[in-house]
>>> print(open('structure03.txt').read())   # compact mmCIF, C-alpha atoms and all ligand atoms
# COMPACT_ATOMS: atom_id res chain seq x y z
CA MET A 25 40.55 12.69 -0.51
CA SER A 26 41.71 12.88 3.12
CA ASP A 27 42.97 9.75 4.88
CA LEU A 28 39.95 9.81 7.18
CA LYS A 29 37.50 9.98 4.30
CA SER A 30 39.18 7.17 2.40
CA GLN A 31 39.23 5.08 5.59
CA LEU A 32 35.52 5.75 6.03
CA TYR A 33 34.80 4.70 2.45
CA LYS A 34 36.67 1.43 3.10
CA GLU A 35 34.50 0.89 6.17
CA LEU A 36 31.42 1.72 4.10
CA GLU A 37 32.42 -0.93 1.56
CA ILE A 38 32.71 -3.50 4.35
CA LYS A 39 29.41 -2.35 5.85
CA ASN A 40 27.67 -2.79 2.51
CA ALA A 41 29.19 -6.21 1.81
CA SER A 42 28.57 -7.61 5.29
CA SER A 43 24.96 -6.35 5.18
CA VAL A 44 24.31 -7.85 1.74
CA GLU A 45 26.09 -11.16 2.39
CA GLY A 46 25.23 -11.40 6.08
CA ILE A 47 27.55 -12.41 8.91
CA ARG A 48 28.45 -15.88 10.14
CA VAL A 49 28.52 -16.38 13.87
CA ASN A 50 28.32 -19.02 16.51
CA PRO A 51 25.37 -17.59 18.50
CA ALA A 52 26.93 -18.91 21.73
CA ILE A 53 29.45 -16.02 21.69
CA PHE A 54 26.58 -13.54 22.15
CA LYS A 55 25.64 -15.12 25.49
CA LYS A 56 28.25 -12.85 27.04
CA LEU A 57 26.42 -9.71 25.86
CA ASN A 58 24.28 -8.04 28.49
CA PHE A 59 21.05 -7.33 26.59
CA GLU A 60 19.16 -6.48 29.79
CA LYS A 61 21.24 -3.40 30.58
CA LYS A 62 23.97 -2.60 28.09
CA TYR A 63 23.37 -3.62 24.49
CA GLN A 64 20.42 -3.28 22.13
CA LYS A 65 19.08 -6.59 20.95
CA GLN A 66 16.95 -7.34 17.90
CA ILE A 67 13.20 -7.34 18.47
CA HIS A 68 11.07 -8.42 15.53
CA VAL A 69 8.58 -5.63 14.95
CA LEU A 70 8.03 -5.89 11.20
CA PHE A 71 10.47 -7.94 9.11
CA GLU A 72 13.00 -10.63 9.90
CA MET A 73 16.18 -9.29 8.29
CA ASP A 74 18.47 -12.14 9.32
CA HIS A 75 18.88 -14.65 6.51
CA ASP A 76 17.57 -17.48 8.69
CA HIS A 77 15.04 -17.58 11.50
CA HIS A 78 16.43 -17.79 15.03
CA VAL A 79 13.55 -18.36 17.44
CA GLY A 80 14.73 -18.25 21.04
CA ILE A 81 18.22 -16.92 20.20
CA ASP A 82 18.96 -13.26 20.91
CA PHE A 83 21.06 -11.26 18.47
CA PRO A 84 22.50 -7.74 18.75
CA ILE A 85 20.98 -5.14 16.46
CA GLY A 86 24.36 -4.01 15.18
CA PHE A 87 27.81 -2.67 15.92
CA THR A 88 30.18 0.17 15.07
CA SER A 89 33.21 0.37 12.82
CA PRO A 90 36.42 2.04 14.10
CA ASN A 91 35.42 5.47 12.70
CA GLY A 92 31.81 5.31 13.82
CA LEU A 93 29.70 3.87 11.01
CA LYS A 94 26.87 1.71 12.30
CA LEU A 95 26.66 -1.75 10.77
CA PRO A 96 23.57 -3.95 11.07
CA PHE A 97 23.95 -7.54 12.21
CA ARG A 98 22.29 -9.94 9.76
CA TRP A 99 22.91 -13.58 10.46
CA ASP A 100 24.05 -15.83 7.61
CA ASN A 101 26.24 -18.82 8.32
CA ARG A 102 27.14 -19.13 4.62
CA SER A 103 28.89 -15.74 4.58
CA ALA A 104 32.63 -15.09 4.32
CA TYR A 105 32.17 -12.38 6.97
CA SER A 106 32.08 -13.45 10.59
CA ILE A 107 32.10 -12.07 14.10
CA GLU A 108 34.67 -13.68 16.37
CA TYR A 109 35.22 -13.47 20.10
CA GLU A 110 38.75 -13.55 21.44
CA GLY A 111 40.48 -12.36 24.59
CA GLY A 112 37.36 -10.65 25.94
CA GLY A 113 36.65 -8.64 22.74
CA TYR A 114 34.76 -9.05 19.49
CA TYR A 115 36.00 -8.40 15.97
CA LEU A 116 34.70 -8.56 12.42
CA ALA A 117 36.58 -10.94 10.12
CA ARG A 118 36.52 -11.97 6.47
CA LYS A 119 37.58 -15.50 5.62
CA GLY A 120 39.04 -15.74 9.11
CA GLU A 121 41.21 -12.59 8.81
CA GLU A 122 40.43 -9.80 11.27
CA LEU A 123 39.11 -6.62 9.64
CA PHE A 124 38.58 -4.51 12.77
CA PRO A 125 37.45 -4.71 16.40
CA ILE A 126 33.80 -3.87 16.96
CA GLU A 127 31.61 -2.40 19.69
CA PHE A 128 27.95 -3.44 19.87
CA LEU A 129 25.28 -0.73 19.82
CA SER A 130 24.08 0.42 23.21
CA ARG A 131 20.62 -0.07 24.66
CA PRO A 132 18.54 3.12 24.94
CA LYS A 133 17.18 4.00 28.38
CA TYR A 134 13.52 3.67 27.41
CA TYR A 135 14.05 -0.04 26.66
CA GLY A 136 13.98 -0.58 30.41
CA LEU A 137 10.58 1.11 30.83
CA LYS A 138 6.96 0.00 30.52
CA THR A 139 3.84 1.85 29.39
CA SER A 140 1.04 2.55 31.87
CA ASP A 141 -0.71 -0.67 30.76
CA GLY A 142 2.44 -2.70 31.45
CA SER A 143 3.70 -3.16 27.87
CA GLU A 144 7.43 -3.19 27.25
CA MET A 145 8.38 0.06 25.50
CA SER A 146 11.10 -1.86 23.65
CA HIS A 147 8.30 -3.79 21.93
CA VAL A 148 6.28 -0.67 21.14
CA ALA A 149 9.05 1.30 19.41
CA THR A 150 12.41 0.13 18.13
CA TYR A 151 15.35 2.46 18.59
CA THR A 152 16.70 2.97 15.06
CA ARG A 153 19.70 5.04 16.25
CA GLU A 154 20.76 8.68 16.21
CA GLY A 155 17.56 9.86 17.83
CA THR A 156 15.06 7.97 15.67
CA ILE A 157 12.40 5.54 16.81
CA PHE A 158 10.26 3.21 14.74
CA VAL A 159 6.74 1.96 15.43
CA ALA A 160 5.07 -0.83 13.48
CA TYR A 161 1.54 -0.44 14.81
CA SER A 162 0.30 -3.51 13.00
CA ASN A 163 2.58 -6.48 12.51
CA GLU A 164 0.51 -8.11 9.84
CA CYS A 165 -0.71 -7.17 6.41
CA SER A 166 -4.26 -7.80 5.30
CA LEU A 167 -3.07 -8.50 1.74
CA LYS A 168 -2.40 -12.01 3.04
CA GLU A 169 -6.12 -12.81 3.05
CA LYS A 170 -6.28 -12.15 -0.68
CA GLY A 171 -3.01 -13.99 -1.38
CA GLU A 172 -1.56 -10.66 -2.57
CA ASP A 173 1.44 -10.09 -0.29
CA CYS A 174 4.32 -8.30 -2.01
CA LEU A 175 6.66 -11.08 -3.09
CA TYR A 176 9.76 -9.77 -1.23
CA CYS A 177 7.87 -9.13 2.03
CA ASN A 178 7.86 -11.40 5.07
CA ILE A 179 5.73 -9.35 7.49
CA ASN A 180 3.11 -12.08 7.96
CA SER A 181 5.66 -14.88 8.20
CA THR A 182 7.66 -12.89 10.79
CA LYS A 183 4.56 -12.54 12.94
CA ASP A 184 3.77 -16.24 12.57
CA THR A 185 7.36 -17.17 13.48
CA TYR A 186 8.03 -14.84 16.42
CA GLY A 187 4.58 -13.61 17.46
CA GLU A 188 4.12 -15.95 20.37
CA ASP A 189 7.73 -16.07 21.50
CA GLU A 190 8.30 -12.30 21.44
CA GLY A 191 4.80 -11.08 22.22
CA ILE A 192 4.26 -9.13 18.99
CA PHE A 193 1.11 -7.03 19.41
CA TRP A 194 -1.00 -4.28 17.86
CA LYS A 195 0.10 -0.93 19.29
CA GLN A 196 -2.47 1.48 20.69
CA PRO A 197 -2.06 5.28 20.34
CA LYS A 198 -1.52 5.71 24.10
CA GLN A 199 1.22 3.06 24.19
CA ILE A 200 2.96 4.75 21.25
CA ALA A 201 2.62 8.23 22.77
CA GLU A 202 3.97 7.20 26.18
CA THR A 203 6.90 5.46 24.54
CA ALA A 204 7.60 8.43 22.27
CA ALA A 205 7.50 10.76 25.28
CA ALA A 206 10.03 8.63 27.15
CA ALA A 207 12.34 8.37 24.14
CA TYR A 208 12.08 12.11 23.34
CA LYS A 209 12.86 12.94 26.97
CA ASP A 210 16.03 10.98 26.42
CA GLY A 211 16.99 12.87 23.26
CA ALA A 212 15.04 11.22 20.45
CA SER A 213 13.81 13.60 17.76
CA HIS A 214 12.08 11.58 15.06
CA ILE A 215 9.38 8.93 14.94
CA THR A 216 8.21 6.72 12.08
CA ILE A 217 4.75 5.18 12.23
CA THR A 218 4.22 2.29 9.87
CA GLY A 219 2.52 -1.09 9.59
CA GLY A 220 1.02 -3.57 7.18
CA PHE A 221 -2.24 -2.75 5.40
CA ILE A 222 -5.27 -2.98 7.64
CA PRO A 223 -8.63 -4.21 6.33
CA GLU A 224 -10.55 -1.63 4.28
CA ARG A 225 -7.58 0.76 4.38
CA ARG A 226 -8.88 2.62 7.42
CA GLU A 227 -5.41 3.72 8.54
CA VAL A 228 -5.90 7.50 8.32
CA ASP A 229 -8.15 7.65 11.41
CA TYR A 230 -5.63 5.61 13.33
CA TYR A 231 -2.70 7.84 12.29
CA ILE A 232 -4.63 10.92 13.38
CA ASP A 233 -5.32 9.37 16.81
CA VAL A 234 -1.64 8.46 17.14
CA ALA A 235 -0.53 11.99 16.24
CA ASP A 236 -2.98 13.54 18.75
CA ALA A 237 -1.73 11.25 21.51
CA ILE A 238 1.94 11.94 20.73
CA ARG A 239 1.37 15.69 20.78
CA GLU A 240 -0.42 15.42 24.11
CA HIS A 241 2.25 13.26 25.77
CA THR A 242 5.36 14.95 24.36
CA GLY A 243 3.96 18.49 24.52
CA LEU A 244 5.31 19.01 20.98
CA ASP A 245 3.15 20.42 18.21
CA ASP A 246 5.66 19.33 15.61
CA PHE A 247 6.96 15.97 16.82
CA ASN A 248 8.86 15.30 13.56
CA GLY A 249 6.87 12.26 12.57
CA THR A 250 6.76 10.30 9.34
CA GLY A 251 3.55 8.50 8.48
CA VAL A 252 4.23 5.55 6.17
CA ILE A 253 1.16 4.61 4.18
CA GLY A 254 -0.01 2.92 1.01
CA ALA A 255 -1.08 5.35 -1.70
CA PRO A 256 -4.67 6.31 -0.79
CA LEU A 257 -7.31 6.02 -3.51
CA ASP A 258 -8.65 9.42 -2.48
CA LEU A 259 -5.65 11.74 -2.72
CA GLY A 260 -7.46 14.30 -0.55
CA VAL A 261 -6.61 12.05 2.40
CA ILE A 262 -2.96 13.13 2.14
CA GLU A 263 -3.81 16.60 3.47
CA LYS A 264 -5.23 14.97 6.59
CA TYR A 265 -1.81 13.56 7.52
CA LYS A 266 -0.31 17.02 7.24
CA GLU A 267 -3.11 18.54 9.33
CA ALA A 268 -2.63 15.79 11.91
CA GLY A 269 0.93 17.05 12.48
CA TYR A 270 3.15 14.69 10.51
CA ARG A 271 6.15 16.59 9.17
CA THR A 272 6.76 14.06 6.41
CA ILE A 273 4.92 11.26 4.66
CA ALA A 274 6.21 8.09 2.99
CA MET A 275 4.71 5.86 0.30
CA ASN A 276 7.05 3.13 -0.83
CA ILE A 277 6.59 2.30 -4.50
CA GLU A 278 9.17 -0.54 -4.22
CA ILE A 279 9.57 -1.15 -7.99
CA TRP A 280 9.88 1.45 -10.74
CA ASP A 281 9.27 -0.78 -13.78
CA LYS A 282 5.51 -0.79 -14.21
CA ASN A 283 5.25 -4.39 -15.44
CA ILE A 284 7.55 -5.80 -12.76
CA PHE A 285 5.60 -3.79 -10.16
CA GLN A 286 2.41 -5.58 -11.19
CA THR A 287 4.01 -8.97 -10.67
CA ILE A 288 5.92 -8.22 -7.46
CA CYS A 289 3.32 -6.02 -5.73
CA PRO A 290 -0.11 -7.41 -6.73
CA GLY A 291 -1.79 -6.01 -3.61
CA LYS A 292 -0.48 -2.50 -4.23
CA VAL A 293 -2.08 -2.72 -7.66
CA SER A 294 -5.46 -4.02 -6.48
CA SER A 295 -5.78 -1.90 -3.31
CA CYS A 296 -3.96 1.31 -4.21
CA GLY A 297 -4.96 2.10 -7.78
CA GLY A 298 -1.86 0.71 -9.47
CA TRP A 299 1.54 2.13 -10.38
CA ASP A 300 0.32 5.29 -12.14
CA HIS A 301 -1.84 6.22 -9.20
CA TRP A 302 1.03 5.57 -6.78
CA VAL A 303 3.26 7.98 -8.70
CA ARG A 304 0.45 10.56 -8.79
CA ALA A 305 0.04 10.18 -5.02
CA LEU A 306 3.75 10.86 -4.46
CA GLU A 307 3.64 13.95 -6.67
CA HIS A 308 0.53 15.21 -4.92
CA ALA A 309 2.14 14.57 -1.51
CA ALA A 310 5.14 16.68 -2.58
CA ASP A 311 2.73 19.54 -3.37
CA VAL A 312 1.15 19.18 0.08
CA PHE A 313 4.23 18.51 2.24
CA GLY A 314 6.87 20.34 0.19
CA HIS A 315 10.19 19.63 -1.51
CA GLY A 316 12.21 16.99 0.38
CA ARG A 317 9.32 16.22 2.74
CA VAL A 318 8.03 13.08 1.00
CA ARG A 319 9.84 9.77 0.90
CA SER A 320 9.58 6.66 -1.18
CA ASN A 321 11.64 3.49 -1.42
CA ILE A 322 12.60 1.02 -4.11
CA VAL A 323 13.71 -2.49 -3.18
CA ALA A 324 16.99 -2.43 -5.07
CA GLY A 325 17.98 -5.54 -6.94
CA ILE A 326 14.69 -6.95 -8.16
CA GLU A 327 14.56 -4.88 -11.35
CA PRO A 328 17.43 -3.65 -13.57
CA LYS A 329 19.65 -1.00 -11.99
CA GLN A 330 18.86 1.64 -14.60
CA SER A 331 15.13 1.29 -14.02
CA THR A 332 15.59 1.98 -10.30
CA LEU A 333 17.85 4.95 -11.01
CA ASP A 334 15.31 6.32 -13.48
CA GLY A 335 12.72 6.14 -10.70
CA VAL A 336 14.94 7.83 -8.12
CA GLU A 337 15.78 10.57 -10.60
CA TYR A 338 12.19 11.14 -11.71
CA LEU A 339 10.91 11.32 -8.13
CA ALA A 340 13.79 13.63 -7.10
CA SER A 341 12.77 15.98 -9.93
CA LYS A 342 9.35 16.14 -8.26
CA GLY A 343 10.81 16.82 -4.80
CA VAL A 344 10.43 13.24 -3.51
CA ILE A 345 13.37 11.55 -1.75
CA CYS A 346 13.49 7.94 -2.91
CA PHE A 347 15.91 5.50 -1.27
CA ALA A 348 17.00 2.25 -2.86
CA GLY A 349 18.12 -0.04 -0.04
CA ALA A 350 19.50 -3.45 -0.92
CA TRP A 351 16.95 -6.22 -1.40
CA CYS A 352 17.41 -8.88 1.25
CA PRO A 353 15.61 -12.09 0.12
CA ASN A 354 14.00 -12.46 3.52
CA PRO A 355 13.10 -15.83 5.02
CA GLY A 356 9.37 -16.44 4.79
CA SER A 357 8.91 -14.18 1.76
CA GLN A 358 7.96 -15.67 -1.57
CA LEU A 359 11.40 -14.75 -2.87
CA GLU A 360 13.23 -16.60 -0.08
CA GLY A 361 16.20 -18.48 -1.53
CA HIS A 362 16.67 -16.00 -4.40
CA ARG A 363 19.87 -14.01 -4.53
CA THR A 364 20.24 -10.26 -4.37
CA PRO A 365 22.84 -8.68 -6.72
CA GLU A 366 26.47 -8.64 -5.64
CA ALA A 367 27.66 -6.22 -2.99
CA GLU A 368 29.47 -3.99 -5.53
CA TRP A 369 26.19 -3.55 -7.44
CA HIS A 370 24.51 -2.21 -4.30
CA LEU A 371 27.43 0.07 -3.40
CA ASP A 372 27.36 1.58 -6.88
CA MET A 373 23.59 2.05 -6.53
CA ALA A 374 23.98 3.85 -3.17
CA LYS A 375 26.62 6.22 -4.58
CA LYS A 376 24.46 7.05 -7.59
CA VAL A 377 21.37 7.59 -5.44
CA ALA A 378 23.32 9.94 -3.14
CA ALA A 379 24.53 11.88 -6.21
CA ILE A 380 20.94 12.24 -7.47
CA HIS A 381 19.80 13.49 -4.07
CA ARG A 382 22.61 16.05 -4.02
CA LYS A 383 21.75 17.26 -7.48
CA ALA A 384 18.11 17.70 -6.43
CA GLY A 385 19.25 19.83 -3.47
CA PHE A 386 18.11 17.51 -0.68
CA THR A 387 19.88 18.27 2.60
CA TYR A 388 21.00 15.77 5.23
CA ASP A 389 18.29 17.08 7.58
CA GLN A 390 15.65 16.33 4.97
CA LEU A 391 17.00 12.81 4.55
CA TYR A 392 16.97 12.39 8.33
CA ASP A 393 13.44 13.70 8.80
CA CYS A 394 11.84 11.32 6.32
CA SER A 395 13.78 8.11 7.07
CA ALA A 396 12.93 5.19 9.29
CA ALA A 397 16.61 4.93 10.22
CA PRO A 398 19.42 7.39 9.44
CA THR A 399 22.01 4.65 9.05
CA GLY A 400 21.60 3.60 5.42
CA LEU A 401 24.39 3.91 2.88
CA THR A 402 23.00 7.10 1.32
CA HIS A 403 22.95 8.75 4.75
CA ASP A 404 26.49 7.54 5.39
CA ILE A 405 27.75 9.06 2.13
CA TYR A 406 26.25 12.43 3.14
CA LYS A 407 27.82 12.11 6.60
CA ILE A 408 31.23 11.34 5.14
CA GLU A 409 31.09 14.09 2.52
CA ASP A 410 29.70 16.74 4.91
CA GLY A 411 31.89 15.77 7.89
CA LEU A 412 28.85 14.93 10.01
CA LEU A 413 30.32 12.02 11.98
CA PRO A 414 31.68 12.63 15.49
CA VAL A 415 35.07 11.31 14.34
CA PHE A 416 35.60 14.46 12.25
CA ASN A 417 35.48 16.58 15.43
CA SER A 418 37.63 14.28 17.49
CA LYS A 419 40.33 14.10 14.76
CA ALA A 420 40.25 17.90 14.33
CA ALA A 421 40.55 18.57 18.07
S1 LIG A 501 1.90 -3.82 1.49
FE1 LIG A 501 3.40 -5.29 0.74
S2 LIG A 501 5.37 -4.56 1.66
FE2 LIG A 501 3.69 -3.59 2.80
S3 LIG A 501 3.34 -4.95 4.55
FE3 LIG A 501 1.86 -5.55 2.94
S4 LIG A 501 2.89 -7.22 1.84
FE4 LIG A 501 4.47 -6.14 3.02
>>> encode(input="structure03.txt", output="structure tokens")
Amino acid sequence: MSDLKSQLYKELEIKNASSVEGIRVNPAIFKKLNFEKKYQKQIHVLFEMDHDHHVGIDFPIGFTSPNGLKLPFRWDNRSAYSIEYEGGGYYLARKGEELFPIEFLSRPKYYGLKTSDGSEMSHVATYTREGTIFVAYSNECSLKEKGEDCLYCNINSTKDTYGEDEGIFWKQPKQIAETAAAAYKDGASHITITGGFIPERREVDYYIDVADAIREHTGLDDFNGTGVIGAPLDLGVIEKYKEAGYRTIAMNIEIWDKNIFQTICPGKVSSCGGWDHWVRALEHAADVFGHGRVRSNIVAGIEPKQSTLDGVEYLASKGVICFAGAWCPNPGSQLEGHRTPEAEWHLDMAKKVAAIHRKAGFTYDQLYDCSAAPTGLTHDIYKIEDGLLPVFNSKAA
């Protein structure tokens, strides 16, 4: 393995561990960061991913490692990892020892713009890096009314905690389309539309309206969109997303073990026909959208590792790309205070998932087109192995 590759794998190991364990910081050191013009700050659009709430305190969304991996910032003052400020610069440390200097992620241009109705575009769509934007049209999930929220999910608690302070709101198709047009003008090339369940599962009409508006405002017939939905009871609905212009579709099964799924995702059982139907929906979607054009996700760390890998492998054999991002026991979820597996467990999982994707013939572009953010560990492994990071060009030049 080349020196650069082995250096990148070391950075990946640190990225994984500091994401899983979180990062300790004295928030006062972030007061020097210019979030109005230069750096991208966290805006709560769906889930709080910091390990504690931080109402009224701004945090950066993430930072880069020396060779260009993007690391998320997740606050946890119990962690051995920390960000320190010294001599005008910031660095990442472990147990007080510097690991490397860091640069915070920049603010995209559209964050300074407003929609025609005066809404902040930064609150309509989050920039999820490398040309991807992310819209959570609804910041609440109607499963709450039935007491059937997924146990790892904190969507409703995040809205209750930050809704007033950060002005979390339902996004209208025109707001989304204007924001997408501004971001695409500035180089963006992928949009994810997602949200919690809405009453009576009427989301398909909304997704069609959003797609129509995006096409009108961007002038693009294929705007490279991913519609993230719950498995529809009527599988015929899946064709409608394709006809509406979405290039890819996502249905996150979250847990592969059928019995654990029933306990962890009671609302997905009662509203979406259960585990068997969810798997059928994914297989049907692969027939409609094609190989590598359907995505699912498993919350890695709730069930045994082999069960998750069995799921990733089975879905890959059907042409479905299934990620297995590390479970973060989010504040406000019913599993708050639980522990996710150790960092090494998650790194091993990411490597095995990437190997399964390779074996199934999924390309990096397919991973990119169906993901909410192209900065997960599986993406990184592809980038390292295929030489897709800018550092490979700069070192070769
Ligand atoms: S369906 Fe489950 S994971 Fe999705 S928003 Fe509702 S509670 Fe959260």
>>> residues_near_point(input="structure03.txt", point="(0.0, 14.4, 5.7)", cutoff="12 Å", atoms="only C-alpha atoms", output="PyMOL selection string")
chain A and resi 228+231-232+235+248-253+255-256+259-275+305-306+308-314+317-319
>>> residues_near_ligand(input="structure03.txt", ligand="ligand LIG 501 (chain A)", cutoff="9 Å", atoms="all atoms listed in the file", output="PyMOL selection string")
chain A and resi 70-71+163-168+172-180+219-222+253-254+276+278+289-292
>>> closest_residue(input="structure03.txt", among="A:Arg239, A:Lys329, A:Arg153, A:Arg363", to="Ile279 of chain A", atoms="all atoms listed in the file")
A:Lys329
>>> residues_around(input="structure03.txt", residues="segment 200-216 of chain A", least_positions_apart="3", cutoff="7 Å", atoms="all atoms listed in the file", output="mmCIF file with C-alpha atoms, keeping the file's coordinate frame")
data_model
loop_
_atom_site.group_PDB
_atom_site.id
_atom_site.type_symbol
_atom_site.label_atom_id
_atom_site.label_comp_id
_atom_site.auth_asym_id
_atom_site.auth_seq_id
_atom_site.Cartn_x
_atom_site.Cartn_y
_atom_site.Cartn_z
ATOM 1 C CA TYR A 134 13.520 3.670 27.410
ATOM 2 C CA THR A 139 3.840 1.850 29.390
ATOM 3 C CA MET A 145 8.380 0.060 25.500
ATOM 4 C CA VAL A 148 6.280 -0.670 21.140
ATOM 5 C CA ALA A 149 9.050 1.300 19.410
ATOM 6 C CA GLY A 155 17.560 9.860 17.830
ATOM 7 C CA THR A 156 15.060 7.970 15.670
ATOM 8 C CA ILE A 157 12.400 5.540 16.810
ATOM 9 C CA PHE A 158 10.260 3.210 14.740
ATOM 10 C CA VAL A 159 6.740 1.960 15.430
ATOM 11 C CA LYS A 195 0.100 -0.930 19.290
ATOM 12 C CA GLN A 196 -2.470 1.480 20.690
ATOM 13 C CA PRO A 197 -2.060 5.280 20.340
ATOM 14 C CA ALA A 237 -1.730 11.250 21.510
ATOM 15 C CA ILE A 238 1.940 11.940 20.730
ATOM 16 C CA HIS A 241 2.250 13.260 25.770
ATOM 17 C CA THR A 242 5.360 14.950 24.360
ATOM 18 C CA PHE A 247 6.960 15.970 16.820
ATOM 19 C CA ASN A 248 8.860 15.300 13.560
ATOM 20 C CA GLY A 249 6.870 12.260 12.570
ATOM 21 C CA THR A 250 6.760 10.300 9.340
ATOM 22 C CA GLY A 251 3.550 8.500 8.480
ATOM 23 C CA ASP A 393 13.440 13.700 8.800
ATOM 24 C CA ALA A 396 12.930 5.190 9.290
#
>>> residues_around(input="structure03.txt", residues="segment 61-63 of chain A", least_positions_apart="6", cutoff="6 Å", atoms="all atoms listed in the file", output="list in words")
Leu129, Ser130 and Arg131 of chain A
>>> write_last_selection(input="structure03.txt", atoms="C-alpha atoms", output="tab-separated table (two decimals), in the frame of the given file")
chain	number	residue	atom	x	y	z
A	129	LEU	CA	25.28	-0.73	19.82
A	130	SER	CA	24.08	0.42	23.21
A	131	ARG	CA	20.62	-0.07	24.66
>>> closest_atom_pairs(input="structure03.txt", of="segment 212-328 of chain A", to="segment 373-380 of chain A", cutoff="12 Å", atoms="all atoms listed in the file", output="JSON lines")
{"residue": "A:Asn321", "atom": "CA", "partner": "A:Val377", "partner_atom": "CA", "distance": 11.3}
{"residue": "A:Ile322", "atom": "CA", "partner": "A:Val377", "partner_atom": "CA", "distance": 11.0}
{"residue": "A:Val323", "atom": "CA", "partner": "A:Met373", "partner_atom": "CA", "distance": 11.4}
{"residue": "A:Ala324", "atom": "CA", "partner": "A:Met373", "partner_atom": "CA", "distance": 8.1}
{"residue": "A:Gly325", "atom": "CA", "partner": "A:Met373", "partner_atom": "CA", "distance": 9.4}
{"residue": "A:Pro328", "atom": "CA", "partner": "A:Met373", "partner_atom": "CA", "distance": 11.0}
>>> residues_near_point(input="structure03.txt", point="(22.6, -13.5, 10.6)", cutoff="12 Å", atoms="all atoms listed in the file", output="MDAnalysis selection string")
chainID A and resid 42:51 66 72:78 81:86 96:107 352 354:355
>>> atom_distance(input="structure03.txt", atom1="atom CA of Lys282 of chain A", atom2="atom CA of Asp300 of chain A")
8.3 Å
>>> residues_around(input="structure03.txt", residues="Glu190 of chain A", least_positions_apart="2", cutoff="8 Å", atoms="all atoms listed in the file", output="PyMOL selection string")
chain A and resi 67-68+186-188+192
>>> closest_residue(input="structure03.txt", among="A:Gln330, A:Ser30, A:Gln64, A:Thr185", to="Tyr135 of chain A", atoms="all atoms listed in the file")
A:Gln64
>>> atom_distance(input="structure03.txt", atom1="atom CA of Lys342 of chain A", atom2="atom CA of Arg304 of chain A")
10.5 Å
>>> axis_aligned_box(input="structure03.txt", around="segment 329-336 of chain A", padding_each_side="8 Å", output="AutoDock Vina command-line options")
--center_x 16.2 --center_y 3.4 --center_z -11.4 --size_x 22.9 --size_y 24.8 --size_z 22.5
>>> atom_distance(input="structure03.txt", atom1="atom CA of Ala397 of chain A", atom2="atom CA of Thr152 of chain A")
5.2 Å
>>> closest_residue(input="structure03.txt", among="A:Asp245, A:Asp229, A:Asp334, A:Asp410", to="Ala348 of chain A", atoms="all atoms listed in the file")
A:Asp334
>>> closest_residue(input="structure03.txt", among="A:Asn40, A:Thr332, A:Ser294, A:Thr182", to="Leu401 of chain A", atoms="all atoms listed in the file")
A:Asn40
>>> build_atoms(input="structure03.txt", residues="segment 59-70 of chain A", atoms="N, CA and C atoms", output="mmCIF file, keeping the file's coordinate frame")
data_model
loop_
_atom_site.group_PDB
_atom_site.id
_atom_site.type_symbol
_atom_site.label_atom_id
_atom_site.label_comp_id
_atom_site.auth_asym_id
_atom_site.auth_seq_id
_atom_site.Cartn_x
_atom_site.Cartn_y
_atom_site.Cartn_z
ATOM 1 N N PHE A 59 22.153 -7.983 27.298
ATOM 2 C CA PHE A 59 21.050 -7.330 26.590
ATOM 3 C C PHE A 59 20.061 -6.686 27.554
ATOM 4 N N GLU A 60 20.129 -7.042 28.824
ATOM 5 C CA GLU A 60 19.160 -6.480 29.790
ATOM 6 C C GLU A 60 19.540 -5.049 30.174
ATOM 7 N N LYS A 61 20.830 -4.721 30.110
ATOM 8 C CA LYS A 61 21.240 -3.400 30.580
ATOM 9 C C LYS A 61 22.091 -2.625 29.566
ATOM 10 N N LYS A 62 22.939 -3.334 28.839
ATOM 11 C CA LYS A 62 23.970 -2.600 28.090
ATOM 12 C C LYS A 62 23.763 -2.515 26.579
ATOM 13 N N TYR A 63 23.405 -3.590 25.962
ATOM 14 C CA TYR A 63 23.370 -3.620 24.490
ATOM 15 C C TYR A 63 21.950 -3.766 23.947
ATOM 16 N N GLN A 64 21.752 -3.198 22.761
ATOM 17 C CA GLN A 64 20.420 -3.280 22.130
ATOM 18 C C GLN A 64 20.303 -4.582 21.343
ATOM 19 N N LYS A 65 19.265 -5.344 21.682
ATOM 20 C CA LYS A 65 19.080 -6.590 20.950
ATOM 21 C C LYS A 65 18.001 -6.420 19.866
ATOM 22 N N GLN A 66 17.992 -7.345 18.939
ATOM 23 C CA GLN A 66 16.950 -7.340 17.900
ATOM 24 C C GLN A 66 15.607 -7.710 18.510
ATOM 25 N N ILE A 67 14.577 -6.958 18.119
ATOM 26 C CA ILE A 67 13.200 -7.340 18.470
ATOM 27 C C ILE A 67 12.423 -7.289 17.155
ATOM 28 N N HIS A 68 11.714 -8.343 16.849
ATOM 29 C CA HIS A 68 11.070 -8.420 15.530
ATOM 30 C C HIS A 68 9.769 -7.636 15.540
ATOM 31 N N VAL A 69 9.795 -6.435 14.967
ATOM 32 C CA VAL A 69 8.580 -5.630 14.950
ATOM 33 C C VAL A 69 7.903 -5.629 13.583
ATOM 34 N N LEU A 70 8.625 -5.958 12.546
ATOM 35 C CA LEU A 70 8.030 -5.890 11.200
ATOM 36 C C LEU A 70 8.567 -7.014 10.322
#
